[in-house]
file final_6.cif (mmCIF, all heavy atoms)
data_upload
loop_
_atom_site.label_atom_id
_atom_site.label_comp_id
_atom_site.auth_asym_id
_atom_site.auth_seq_id
_atom_site.Cartn_x
_atom_site.Cartn_y
_atom_site.Cartn_z
N MET A 1 1.10 16.05 20.95
CA MET A 1 -0.09 15.74 20.15
C MET A 1 -1.27 16.60 20.60
O MET A 1 -2.04 17.06 19.77
CB MET A 1 -0.45 14.27 20.27
CG MET A 1 0.45 13.31 19.51
SD MET A 1 0.39 13.49 17.73
CE MET A 1 -1.27 13.04 17.35
N LYS A 2 -1.40 16.79 21.90
CA LYS A 2 -2.54 17.57 22.39
C LYS A 2 -2.51 18.99 21.82
O LYS A 2 -3.54 19.54 21.45
CB LYS A 2 -2.52 17.61 23.91
CG LYS A 2 -3.73 18.28 24.50
CD LYS A 2 -3.72 18.19 26.02
CE LYS A 2 -4.94 18.88 26.59
NZ LYS A 2 -4.93 18.86 28.04
N SER A 3 -1.32 19.56 21.70
CA SER A 3 -1.22 20.92 21.15
C SER A 3 -1.61 20.94 19.68
O SER A 3 -2.17 21.93 19.20
CB SER A 3 0.18 21.50 21.36
OG SER A 3 1.14 20.72 20.69
N LEU A 4 -1.33 19.86 18.93
CA LEU A 4 -1.76 19.78 17.54
C LEU A 4 -3.28 19.74 17.43
O LEU A 4 -3.87 20.37 16.55
CB LEU A 4 -1.16 18.55 16.85
CG LEU A 4 0.32 18.58 16.56
CD1 LEU A 4 0.77 17.25 15.99
CD2 LEU A 4 0.67 19.71 15.61
N VAL A 5 -3.91 19.00 18.32
CA VAL A 5 -5.37 18.92 18.33
C VAL A 5 -5.96 20.30 18.65
O VAL A 5 -6.88 20.76 17.97
CB VAL A 5 -5.86 17.89 19.37
CG1 VAL A 5 -7.36 17.94 19.52
CG2 VAL A 5 -5.41 16.49 18.99
N GLU A 6 -5.39 20.95 19.65
CA GLU A 6 -5.92 22.25 20.08
C GLU A 6 -5.64 23.36 19.07
O GLU A 6 -6.34 24.36 19.04
CB GLU A 6 -5.35 22.61 21.44
CG GLU A 6 -5.85 21.69 22.54
CD GLU A 6 -5.13 21.87 23.86
OE1 GLU A 6 -4.09 22.55 23.90
OE2 GLU A 6 -5.63 21.33 24.86
N SER A 7 -4.61 23.21 18.24
CA SER A 7 -4.26 24.25 17.28
C SER A 7 -5.26 24.35 16.12
O SER A 7 -5.33 25.37 15.46
CB SER A 7 -2.87 24.00 16.70
OG SER A 7 -2.89 22.91 15.80
N ASN A 8 -6.00 23.29 15.87
CA ASN A 8 -6.97 23.22 14.77
C ASN A 8 -6.32 23.37 13.39
O ASN A 8 -7.00 23.67 12.42
CB ASN A 8 -8.08 24.27 14.94
CG ASN A 8 -8.95 23.97 16.13
OD1 ASN A 8 -9.24 22.82 16.41
ND2 ASN A 8 -9.35 25.00 16.84
N HIS A 9 -5.02 23.17 13.29
CA HIS A 9 -4.35 23.18 11.99
C HIS A 9 -4.49 21.84 11.28
O HIS A 9 -4.36 21.75 10.07
CB HIS A 9 -2.87 23.53 12.14
CG HIS A 9 -2.62 24.94 12.55
ND1 HIS A 9 -2.86 26.01 11.72
CD2 HIS A 9 -2.18 25.46 13.71
CE1 HIS A 9 -2.56 27.12 12.35
NE2 HIS A 9 -2.15 26.82 13.56
N PHE A 10 -4.72 20.80 12.07
CA PHE A 10 -4.85 19.45 11.53
C PHE A 10 -6.19 18.89 11.99
O PHE A 10 -6.69 19.23 13.05
CB PHE A 10 -3.72 18.55 12.03
CG PHE A 10 -2.37 19.04 11.64
CD1 PHE A 10 -1.62 19.81 12.52
CD2 PHE A 10 -1.85 18.77 10.39
CE1 PHE A 10 -0.37 20.27 12.16
CE2 PHE A 10 -0.60 19.23 10.02
CZ PHE A 10 0.14 19.99 10.92
N SER A 11 -6.75 18.00 11.21
CA SER A 11 -8.02 17.37 11.55
C SER A 11 -7.76 16.11 12.36
O SER A 11 -7.86 15.00 11.86
CB SER A 11 -8.80 17.04 10.28
OG SER A 11 -9.09 18.20 9.56
N ILE A 12 -7.39 16.32 13.63
CA ILE A 12 -7.06 15.20 14.51
C ILE A 12 -8.06 15.17 15.66
O ILE A 12 -8.34 16.20 16.28
CB ILE A 12 -5.62 15.35 15.06
CG1 ILE A 12 -4.62 15.36 13.92
CG2 ILE A 12 -5.31 14.23 16.06
CD1 ILE A 12 -3.20 15.66 14.35
N ASP A 13 -8.59 13.99 15.93
CA ASP A 13 -9.48 13.79 17.07
C ASP A 13 -8.70 13.19 18.23
O ASP A 13 -7.81 12.37 18.01
CB ASP A 13 -10.63 12.83 16.71
CG ASP A 13 -11.58 13.43 15.69
OD1 ASP A 13 -11.72 14.67 15.65
OD2 ASP A 13 -12.20 12.64 14.95
N MET A 14 -9.05 13.60 19.45
CA MET A 14 -8.39 13.07 20.64
C MET A 14 -9.43 12.41 21.53
O MET A 14 -10.47 12.99 21.81
CB MET A 14 -7.69 14.19 21.41
CG MET A 14 -7.00 13.71 22.66
SD MET A 14 -6.08 15.00 23.53
CE MET A 14 -7.42 15.91 24.29
N ASN A 15 -9.14 11.20 21.97
CA ASN A 15 -9.98 10.50 22.94
C ASN A 15 -9.27 10.62 24.29
O ASN A 15 -8.28 9.94 24.54
CB ASN A 15 -10.15 9.03 22.54
CG ASN A 15 -10.99 8.26 23.53
OD1 ASN A 15 -11.30 8.74 24.61
ND2 ASN A 15 -11.35 7.05 23.16
N ASP A 16 -9.81 11.49 25.16
CA ASP A 16 -9.16 11.71 26.46
C ASP A 16 -9.90 11.04 27.62
O ASP A 16 -9.73 11.43 28.77
CB ASP A 16 -9.00 13.21 26.71
CG ASP A 16 -10.31 13.96 26.69
OD1 ASP A 16 -11.36 13.34 26.44
OD2 ASP A 16 -10.28 15.18 26.93
N LYS A 17 -10.67 10.00 27.30
CA LYS A 17 -11.40 9.29 28.35
C LYS A 17 -10.47 8.47 29.23
O LYS A 17 -10.72 8.31 30.42
CB LYS A 17 -12.48 8.40 27.74
CG LYS A 17 -13.60 9.19 27.07
CD LYS A 17 -14.64 8.27 26.49
CE LYS A 17 -15.70 9.10 25.78
NZ LYS A 17 -16.69 8.25 25.12
N ASN A 18 -9.43 7.91 28.65
CA ASN A 18 -8.47 7.10 29.40
C ASN A 18 -7.05 7.48 28.99
O ASN A 18 -6.83 7.97 27.89
CB ASN A 18 -8.66 5.60 29.09
CG ASN A 18 -10.02 5.10 29.53
OD1 ASN A 18 -10.44 5.33 30.65
ND2 ASN A 18 -10.72 4.43 28.62
N LYS A 19 -6.11 7.24 29.88
CA LYS A 19 -4.70 7.46 29.53
C LYS A 19 -4.09 6.12 29.18
O LYS A 19 -4.42 5.12 29.82
CB LYS A 19 -3.95 8.09 30.70
CG LYS A 19 -4.34 9.53 30.90
CD LYS A 19 -3.42 10.20 31.88
CE LYS A 19 -3.79 11.66 32.02
NZ LYS A 19 -2.92 12.36 32.94
N PRO A 20 -3.25 5.99 28.21
CA PRO A 20 -2.79 7.07 27.34
C PRO A 20 -3.90 7.51 26.39
O PRO A 20 -4.73 6.70 25.97
CB PRO A 20 -1.62 6.46 26.58
CG PRO A 20 -1.89 5.00 26.56
CD PRO A 20 -2.63 4.71 27.85
N TYR A 21 -3.91 8.79 26.07
CA TYR A 21 -4.92 9.33 25.17
C TYR A 21 -4.78 8.71 23.79
O TYR A 21 -3.70 8.34 23.36
CB TYR A 21 -4.79 10.85 25.05
CG TYR A 21 -5.04 11.60 26.34
CD1 TYR A 21 -4.45 12.83 26.56
CD2 TYR A 21 -5.87 11.09 27.32
CE1 TYR A 21 -4.69 13.53 27.74
CE2 TYR A 21 -6.10 11.78 28.50
CZ TYR A 21 -5.51 13.00 28.70
OH TYR A 21 -5.75 13.68 29.86
N GLY A 22 -5.91 8.61 23.11
CA GLY A 22 -5.91 8.09 21.75
C GLY A 22 -6.08 9.21 20.74
O GLY A 22 -6.78 10.19 21.01
N TYR A 23 -5.42 9.09 19.62
CA TYR A 23 -5.50 10.10 18.56
C TYR A 23 -5.80 9.41 17.25
O TYR A 23 -5.37 8.29 17.01
CB TYR A 23 -4.17 10.87 18.45
CG TYR A 23 -3.80 11.60 19.71
CD1 TYR A 23 -3.02 10.99 20.68
CD2 TYR A 23 -4.25 12.89 19.93
CE1 TYR A 23 -2.69 11.67 21.84
CE2 TYR A 23 -3.93 13.58 21.09
CZ TYR A 23 -3.14 12.95 22.04
OH TYR A 23 -2.82 13.62 23.19
N ARG A 24 -6.54 10.11 16.40
CA ARG A 24 -6.83 9.59 15.06
C ARG A 24 -7.15 10.77 14.15
O ARG A 24 -7.50 11.86 14.60
CB ARG A 24 -7.98 8.61 15.08
CG ARG A 24 -9.30 9.28 15.41
CD ARG A 24 -10.45 8.32 15.32
NE ARG A 24 -11.69 9.07 15.59
CZ ARG A 24 -12.86 8.54 15.58
NH1 ARG A 24 -13.00 7.26 15.33
NH2 ARG A 24 -13.92 9.26 15.82
N TRP A 25 -7.02 10.51 12.85
CA TRP A 25 -7.42 11.52 11.88
C TRP A 25 -8.93 11.64 11.92
O TRP A 25 -9.64 10.65 11.99
CB TRP A 25 -6.98 11.13 10.47
CG TRP A 25 -5.51 11.23 10.23
CD1 TRP A 25 -4.65 10.19 10.04
CD2 TRP A 25 -4.72 12.42 10.14
NE1 TRP A 25 -3.38 10.66 9.84
CE2 TRP A 25 -3.40 12.03 9.90
CE3 TRP A 25 -5.01 13.77 10.25
CZ2 TRP A 25 -2.36 12.95 9.76
CZ3 TRP A 25 -3.98 14.69 10.11
CH2 TRP A 25 -2.68 14.27 9.88
N ASN A 26 -9.43 12.85 11.85
CA ASN A 26 -10.85 13.12 11.77
C ASN A 26 -11.38 12.53 10.46
O ASN A 26 -10.67 12.47 9.47
CB ASN A 26 -11.07 14.65 11.80
CG ASN A 26 -12.52 15.03 11.84
OD1 ASN A 26 -13.27 14.73 10.93
ND2 ASN A 26 -12.90 15.71 12.89
N GLN A 27 -12.64 12.11 10.45
CA GLN A 27 -13.19 11.49 9.25
C GLN A 27 -13.28 12.45 8.07
O GLN A 27 -13.31 12.03 6.93
CB GLN A 27 -14.56 10.88 9.55
CG GLN A 27 -14.46 9.68 10.45
CD GLN A 27 -15.76 8.92 10.55
OE1 GLN A 27 -16.74 9.26 9.93
NE2 GLN A 27 -15.74 7.87 11.36
N GLN A 28 -13.31 13.76 8.34
CA GLN A 28 -13.33 14.75 7.26
C GLN A 28 -11.93 15.21 6.86
O GLN A 28 -11.78 16.09 6.03
CB GLN A 28 -14.14 16.00 7.69
CG GLN A 28 -15.63 15.78 7.75
CD GLN A 28 -16.07 15.10 9.04
OE1 GLN A 28 -15.44 15.26 10.07
NE2 GLN A 28 -17.15 14.34 8.99
N ALA A 29 -10.91 14.60 7.43
CA ALA A 29 -9.53 15.01 7.15
C ALA A 29 -9.15 14.71 5.70
O ALA A 29 -9.60 13.72 5.12
CB ALA A 29 -8.56 14.29 8.08
N VAL A 30 -8.32 15.57 5.15
CA VAL A 30 -7.79 15.35 3.81
C VAL A 30 -6.77 14.23 3.89
O VAL A 30 -5.94 14.20 4.81
CB VAL A 30 -7.14 16.64 3.27
CG1 VAL A 30 -6.50 16.41 1.92
CG2 VAL A 30 -8.16 17.76 3.20
N VAL A 31 -6.82 13.32 2.95
CA VAL A 31 -5.90 12.17 2.96
C VAL A 31 -4.47 12.67 2.75
O VAL A 31 -4.20 13.47 1.85
CB VAL A 31 -6.28 11.16 1.86
CG1 VAL A 31 -5.27 10.03 1.81
CG2 VAL A 31 -7.68 10.63 2.11
N PHE A 32 -3.58 12.21 3.59
CA PHE A 32 -2.17 12.59 3.51
C PHE A 32 -1.35 11.34 3.18
O PHE A 32 -1.39 10.37 3.91
CB PHE A 32 -1.70 13.17 4.84
CG PHE A 32 -0.24 13.45 4.90
CD1 PHE A 32 0.27 14.60 4.33
CD2 PHE A 32 0.63 12.57 5.50
CE1 PHE A 32 1.62 14.87 4.38
CE2 PHE A 32 1.98 12.83 5.55
CZ PHE A 32 2.48 13.99 4.99
N THR A 33 -0.66 11.39 2.06
CA THR A 33 0.22 10.29 1.70
C THR A 33 1.56 10.84 1.26
O THR A 33 1.66 11.95 0.75
CB THR A 33 -0.36 9.44 0.55
OG1 THR A 33 -0.46 10.26 -0.61
CG2 THR A 33 -1.72 8.86 0.89
N ALA A 34 2.59 10.06 1.45
CA ALA A 34 3.93 10.49 1.05
C ALA A 34 4.02 10.64 -0.47
O ALA A 34 4.83 11.42 -0.97
CB ALA A 34 4.97 9.50 1.56
N ASN A 35 3.19 9.91 -1.21
CA ASN A 35 3.23 9.99 -2.67
C ASN A 35 2.80 11.36 -3.19
O ASN A 35 3.12 11.73 -4.31
CB ASN A 35 2.34 8.92 -3.29
CG ASN A 35 2.87 7.54 -3.03
OD1 ASN A 35 4.03 7.36 -2.77
ND2 ASN A 35 1.98 6.56 -3.11
N SER A 36 2.06 12.11 -2.38
CA SER A 36 1.57 13.40 -2.84
C SER A 36 2.52 14.55 -2.50
O SER A 36 2.25 15.69 -2.81
CB SER A 36 0.19 13.69 -2.23
OG SER A 36 0.28 13.81 -0.83
N LEU A 37 3.66 14.25 -1.86
CA LEU A 37 4.61 15.29 -1.49
C LEU A 37 5.50 15.68 -2.66
O LEU A 37 5.88 14.85 -3.47
CB LEU A 37 5.50 14.81 -0.33
CG LEU A 37 4.82 14.47 0.98
CD1 LEU A 37 5.83 13.96 1.97
CD2 LEU A 37 4.08 15.67 1.53
N SER A 38 5.85 16.96 -2.69
CA SER A 38 6.82 17.42 -3.68
C SER A 38 8.22 17.03 -3.22
O SER A 38 8.41 16.57 -2.08
CB SER A 38 6.73 18.94 -3.83
OG SER A 38 7.22 19.57 -2.65
N ILE A 39 9.20 17.22 -4.06
CA ILE A 39 10.59 16.91 -3.68
C ILE A 39 11.00 17.75 -2.48
O ILE A 39 11.62 17.25 -1.54
CB ILE A 39 11.53 17.14 -4.87
CG1 ILE A 39 11.23 16.12 -5.97
CG2 ILE A 39 12.99 17.07 -4.45
CD1 ILE A 39 11.98 16.36 -7.26
N GLN A 40 10.64 19.03 -2.48
CA GLN A 40 11.00 19.92 -1.38
C GLN A 40 10.33 19.49 -0.08
O GLN A 40 10.96 19.47 0.98
CB GLN A 40 10.60 21.38 -1.72
CG GLN A 40 11.38 21.98 -2.84
CD GLN A 40 10.80 21.67 -4.22
OE1 GLN A 40 9.80 20.98 -4.35
NE2 GLN A 40 11.45 22.18 -5.25
N GLU A 41 9.05 19.13 -0.14
CA GLU A 41 8.34 18.68 1.05
C GLU A 41 8.92 17.37 1.58
O GLU A 41 9.05 17.20 2.80
CB GLU A 41 6.86 18.51 0.74
CG GLU A 41 6.14 19.82 0.47
CD GLU A 41 4.77 19.63 -0.12
OE1 GLU A 41 4.54 18.63 -0.85
OE2 GLU A 41 3.90 20.50 0.12
N SER A 42 9.30 16.48 0.69
CA SER A 42 9.91 15.22 1.10
C SER A 42 11.23 15.46 1.81
O SER A 42 11.54 14.83 2.83
CB SER A 42 10.13 14.32 -0.11
OG SER A 42 8.92 13.99 -0.72
N LEU A 43 12.02 16.38 1.29
CA LEU A 43 13.30 16.71 1.90
C LEU A 43 13.11 17.30 3.29
O LEU A 43 13.78 16.91 4.25
CB LEU A 43 14.08 17.68 1.01
CG LEU A 43 15.43 18.14 1.54
CD1 LEU A 43 16.36 16.96 1.76
CD2 LEU A 43 16.05 19.14 0.58
N ILE A 44 12.17 18.23 3.43
CA ILE A 44 11.89 18.84 4.73
C ILE A 44 11.42 17.78 5.73
O ILE A 44 11.86 17.76 6.88
CB ILE A 44 10.84 19.96 4.58
CG1 ILE A 44 11.46 21.14 3.84
CG2 ILE A 44 10.31 20.40 5.95
CD1 ILE A 44 10.46 22.19 3.41
N LEU A 45 10.55 16.89 5.30
CA LEU A 45 10.07 15.82 6.16
C LEU A 45 11.23 14.93 6.61
O LEU A 45 11.34 14.60 7.80
CB LEU A 45 9.00 14.98 5.44
CG LEU A 45 8.42 13.82 6.22
CD1 LEU A 45 7.71 14.31 7.47
CD2 LEU A 45 7.45 13.05 5.34
N GLN A 46 12.11 14.57 5.70
CA GLN A 46 13.24 13.71 6.05
C GLN A 46 14.19 14.41 7.01
O GLN A 46 14.68 13.79 7.96
CB GLN A 46 13.99 13.28 4.78
CG GLN A 46 15.06 12.24 5.05
CD GLN A 46 14.51 10.97 5.65
OE1 GLN A 46 13.42 10.52 5.32
NE2 GLN A 46 15.25 10.38 6.56
N ILE A 47 14.45 15.69 6.80
CA ILE A 47 15.32 16.45 7.71
C ILE A 47 14.70 16.51 9.10
O ILE A 47 15.40 16.31 10.11
CB ILE A 47 15.58 17.87 7.15
CG1 ILE A 47 16.46 17.78 5.91
CG2 ILE A 47 16.21 18.76 8.21
CD1 ILE A 47 16.57 19.08 5.13
N ASN A 48 13.42 16.77 9.18
CA ASN A 48 12.75 16.82 10.48
C ASN A 48 12.76 15.46 11.16
O ASN A 48 12.97 15.39 12.37
CB ASN A 48 11.31 17.31 10.32
CG ASN A 48 11.23 18.79 10.06
OD1 ASN A 48 12.07 19.54 10.55
ND2 ASN A 48 10.25 19.21 9.33
N ARG A 49 12.54 14.41 10.42
CA ARG A 49 12.55 13.06 11.01
C ARG A 49 13.92 12.72 11.56
O ARG A 49 14.03 12.17 12.65
CB ARG A 49 12.13 12.02 9.98
CG ARG A 49 10.64 12.07 9.65
CD ARG A 49 10.26 11.04 8.65
NE ARG A 49 10.38 9.72 9.23
CZ ARG A 49 10.36 8.60 8.54
NH1 ARG A 49 10.22 8.63 7.23
NH2 ARG A 49 10.46 7.44 9.14
N SER A 50 14.96 13.05 10.82
CA SER A 50 16.32 12.72 11.28
C SER A 50 16.65 13.54 12.53
O SER A 50 17.34 13.05 13.42
CB SER A 50 17.35 12.95 10.18
OG SER A 50 17.42 14.33 9.83
N GLY A 51 16.14 14.75 12.63
CA GLY A 51 16.38 15.56 13.82
C GLY A 51 15.67 15.04 15.04
O GLY A 51 16.14 15.20 16.18
N LEU A 52 14.54 14.38 14.87
CA LEU A 52 13.80 13.83 15.99
C LEU A 52 14.48 12.61 16.60
O LEU A 52 14.36 12.35 17.79
CB LEU A 52 12.38 13.44 15.55
CG LEU A 52 11.44 14.59 15.22
CD1 LEU A 52 10.14 14.04 14.63
CD2 LEU A 52 11.14 15.42 16.46
N TYR A 53 15.19 11.86 15.79
CA TYR A 53 15.75 10.60 16.27
C TYR A 53 17.22 10.70 16.65
O TYR A 53 17.80 9.75 17.12
CB TYR A 53 15.56 9.50 15.21
CG TYR A 53 14.10 9.20 14.96
CD1 TYR A 53 13.50 9.50 13.76
CD2 TYR A 53 13.31 8.64 15.96
CE1 TYR A 53 12.16 9.24 13.55
CE2 TYR A 53 11.97 8.38 15.75
CZ TYR A 53 11.40 8.67 14.55
OH TYR A 53 10.08 8.43 14.33
N ASP A 54 17.82 11.85 16.45
CA ASP A 54 19.25 12.02 16.83
C ASP A 54 19.40 12.36 18.28
O ASP A 54 18.61 12.80 18.96
CB ASP A 54 19.91 13.09 15.96
CG ASP A 54 20.12 12.61 14.53
OD1 ASP A 54 20.05 11.39 14.31
OD2 ASP A 54 20.35 13.45 13.67
#

call {"tool": "encode", "arguments": {"input": "final_6.cif", "output": "structure tokens"}}
result
Amino acid sequence: MKSLVESNHFSIDMNDKNKPYGYRWNQQAVVFTANSLSIQESLILQINRSGLYD
């Protein structure tokens, strides 16, 4: 998660005052919902999710 925050590709805020660190979407972040994904994006997301849990 820290690398995602540092990459600036996503609008994610990190609270590093205490461990475990807290993360949240920045208030200016574009809303992300599964309903807005195309069929191809949904398939890629599902493939990635299945790879993470195997």

call {"tool": "select_by_dssp", "arguments": {"input": "final_6.cif", "residues": "chain A", "states": "strand (DSSP E)", "output": "mmCIF file with all heavy atoms, keeping the file's coordinate frame"}}
result
data_model
loop_
_atom_site.group_PDB
_atom_site.id
_atom_site.type_symbol
_atom_site.label_atom_id
_atom_site.label_comp_id
_atom_site.auth_asym_id
_atom_site.auth_seq_id
_atom_site.Cartn_x
_atom_site.Cartn_y
_atom_site.Cartn_z
ATOM 1 N N ILE A 12 -7.390 16.320 13.630
ATOM 2 C CA ILE A 12 -7.060 15.200 14.510
ATOM 3 C C ILE A 12 -8.060 15.170 15.660
ATOM 4 O O ILE A 12 -8.340 16.200 16.280
ATOM 5 C CB ILE A 12 -5.620 15.350 15.060
ATOM 6 C CG1 ILE A 12 -4.620 15.360 13.920
ATOM 7 C CG2 ILE A 12 -5.310 14.230 16.060
ATOM 8 C CD1 ILE A 12 -3.200 15.660 14.350
ATOM 9 N N ASP A 13 -8.590 13.990 15.930
ATOM 10 C CA ASP A 13 -9.480 13.790 17.070
ATOM 11 C C ASP A 13 -8.700 13.190 18.230
ATOM 12 O O ASP A 13 -7.810 12.370 18.010
ATOM 13 C CB ASP A 13 -10.630 12.830 16.710
ATOM 14 C CG ASP A 13 -11.580 13.430 15.690
ATOM 15 O OD1 ASP A 13 -11.720 14.670 15.650
ATOM 16 O OD2 ASP A 13 -12.200 12.640 14.950
ATOM 17 N N MET A 14 -9.050 13.600 19.450
ATOM 18 C CA MET A 14 -8.390 13.070 20.640
ATOM 19 C C MET A 14 -9.430 12.410 21.530
ATOM 20 O O MET A 14 -10.470 12.990 21.810
ATOM 21 C CB MET A 14 -7.690 14.190 21.410
ATOM 22 C CG MET A 14 -7.000 13.710 22.660
ATOM 23 S SD MET A 14 -6.080 15.000 23.530
ATOM 24 C CE MET A 14 -7.420 15.910 24.290
ATOM 25 N N ASN A 15 -9.140 11.200 21.970
ATOM 26 C CA ASN A 15 -9.980 10.500 22.940
ATOM 27 C C ASN A 15 -9.270 10.620 24.290
ATOM 28 O O ASN A 15 -8.280 9.940 24.540
ATOM 29 C CB ASN A 15 -10.150 9.030 22.540
ATOM 30 C CG ASN A 15 -10.990 8.260 23.530
ATOM 31 O OD1 ASN A 15 -11.300 8.740 24.610
ATOM 32 N ND2 ASN A 15 -11.350 7.050 23.160
ATOM 33 N N GLY A 22 -5.910 8.610 23.110
ATOM 34 C CA GLY A 22 -5.910 8.090 21.750
ATOM 35 C C GLY A 22 -6.080 9.210 20.740
ATOM 36 O O GLY A 22 -6.780 10.190 21.010
ATOM 37 N N TYR A 23 -5.420 9.090 19.620
ATOM 38 C CA TYR A 23 -5.500 10.100 18.560
ATOM 39 C C TYR A 23 -5.800 9.410 17.250
ATOM 40 O O TYR A 23 -5.370 8.290 17.010
ATOM 41 C CB TYR A 23 -4.170 10.870 18.450
ATOM 42 C CG TYR A 23 -3.800 11.600 19.710
ATOM 43 C CD1 TYR A 23 -3.020 10.990 20.680
ATOM 44 C CD2 TYR A 23 -4.250 12.890 19.930
ATOM 45 C CE1 TYR A 23 -2.690 11.670 21.840
ATOM 46 C CE2 TYR A 23 -3.930 13.580 21.090
ATOM 47 C CZ TYR A 23 -3.140 12.950 22.040
ATOM 48 O OH TYR A 23 -2.820 13.620 23.190
ATOM 49 N N ARG A 24 -6.540 10.110 16.400
ATOM 50 C CA ARG A 24 -6.830 9.590 15.060
ATOM 51 C C ARG A 24 -7.150 10.770 14.150
ATOM 52 O O ARG A 24 -7.500 11.860 14.600
ATOM 53 C CB ARG A 24 -7.980 8.610 15.080
ATOM 54 C CG ARG A 24 -9.300 9.280 15.410
ATOM 55 C CD ARG A 24 -10.450 8.320 15.320
ATOM 56 N NE ARG A 24 -11.690 9.070 15.590
ATOM 57 C CZ ARG A 24 -12.860 8.540 15.580
ATOM 58 N NH1 ARG A 24 -13.000 7.260 15.330
ATOM 59 N NH2 ARG A 24 -13.920 9.260 15.820
ATOM 60 N N TRP A 25 -7.020 10.510 12.850
ATOM 61 C CA TRP A 25 -7.420 11.520 11.880
ATOM 62 C C TRP A 25 -8.930 11.640 11.920
ATOM 63 O O TRP A 25 -9.640 10.650 11.990
ATOM 64 C CB TRP A 25 -6.980 11.130 10.470
ATOM 65 C CG TRP A 25 -5.510 11.230 10.230
ATOM 66 C CD1 TRP A 25 -4.650 10.190 10.040
ATOM 67 C CD2 TRP A 25 -4.720 12.420 10.140
ATOM 68 N NE1 TRP A 25 -3.380 10.660 9.840
ATOM 69 C CE2 TRP A 25 -3.400 12.030 9.900
ATOM 70 C CE3 TRP A 25 -5.010 13.770 10.250
ATOM 71 C CZ2 TRP A 25 -2.360 12.950 9.760
ATOM 72 C CZ3 TRP A 25 -3.980 14.690 10.110
ATOM 73 C CH2 TRP A 25 -2.680 14.270 9.880
#

call {"tool": "atom_distance", "arguments": {"input": "final_6.cif", "atom1": "atom N of Ile39 (chain A)", "atom2": "CB of Ile12 (chain A)"}}
result
24.3 Å

call {"tool": "select_by_dssp", "arguments": {"input": "final_6.cif", "residues": "chain A", "states": "helix (DSSP H, G or I)", "output": "number ranges by chain"}}
result
A: 2-7, 34-36, 39-53

call {"tool": "atom_distance", "arguments": {"input": "final_6.cif", "atom1": "atom C of Ser7 (chain A)", "atom2": "CE3 of Trp25 (chain A)"}}
result
12.1 Å

call {"tool": "resolve_selection", "arguments": {"input": "final_6.cif", "expression": "the PyMOL selection byres (((chain A and resi 2 and name CA) around 10) and name CA)", "output": "PyMOL selection string"}}
result
chain A and resi 1+3-7+12-14+16+21+23

call {"tool": "atom_distance", "arguments": {"input": "final_6.cif", "atom1": "CG of Gln40 (chain A)", "atom2": "CE1 of Phe10 (chain A)"}}
result
19.1 Å
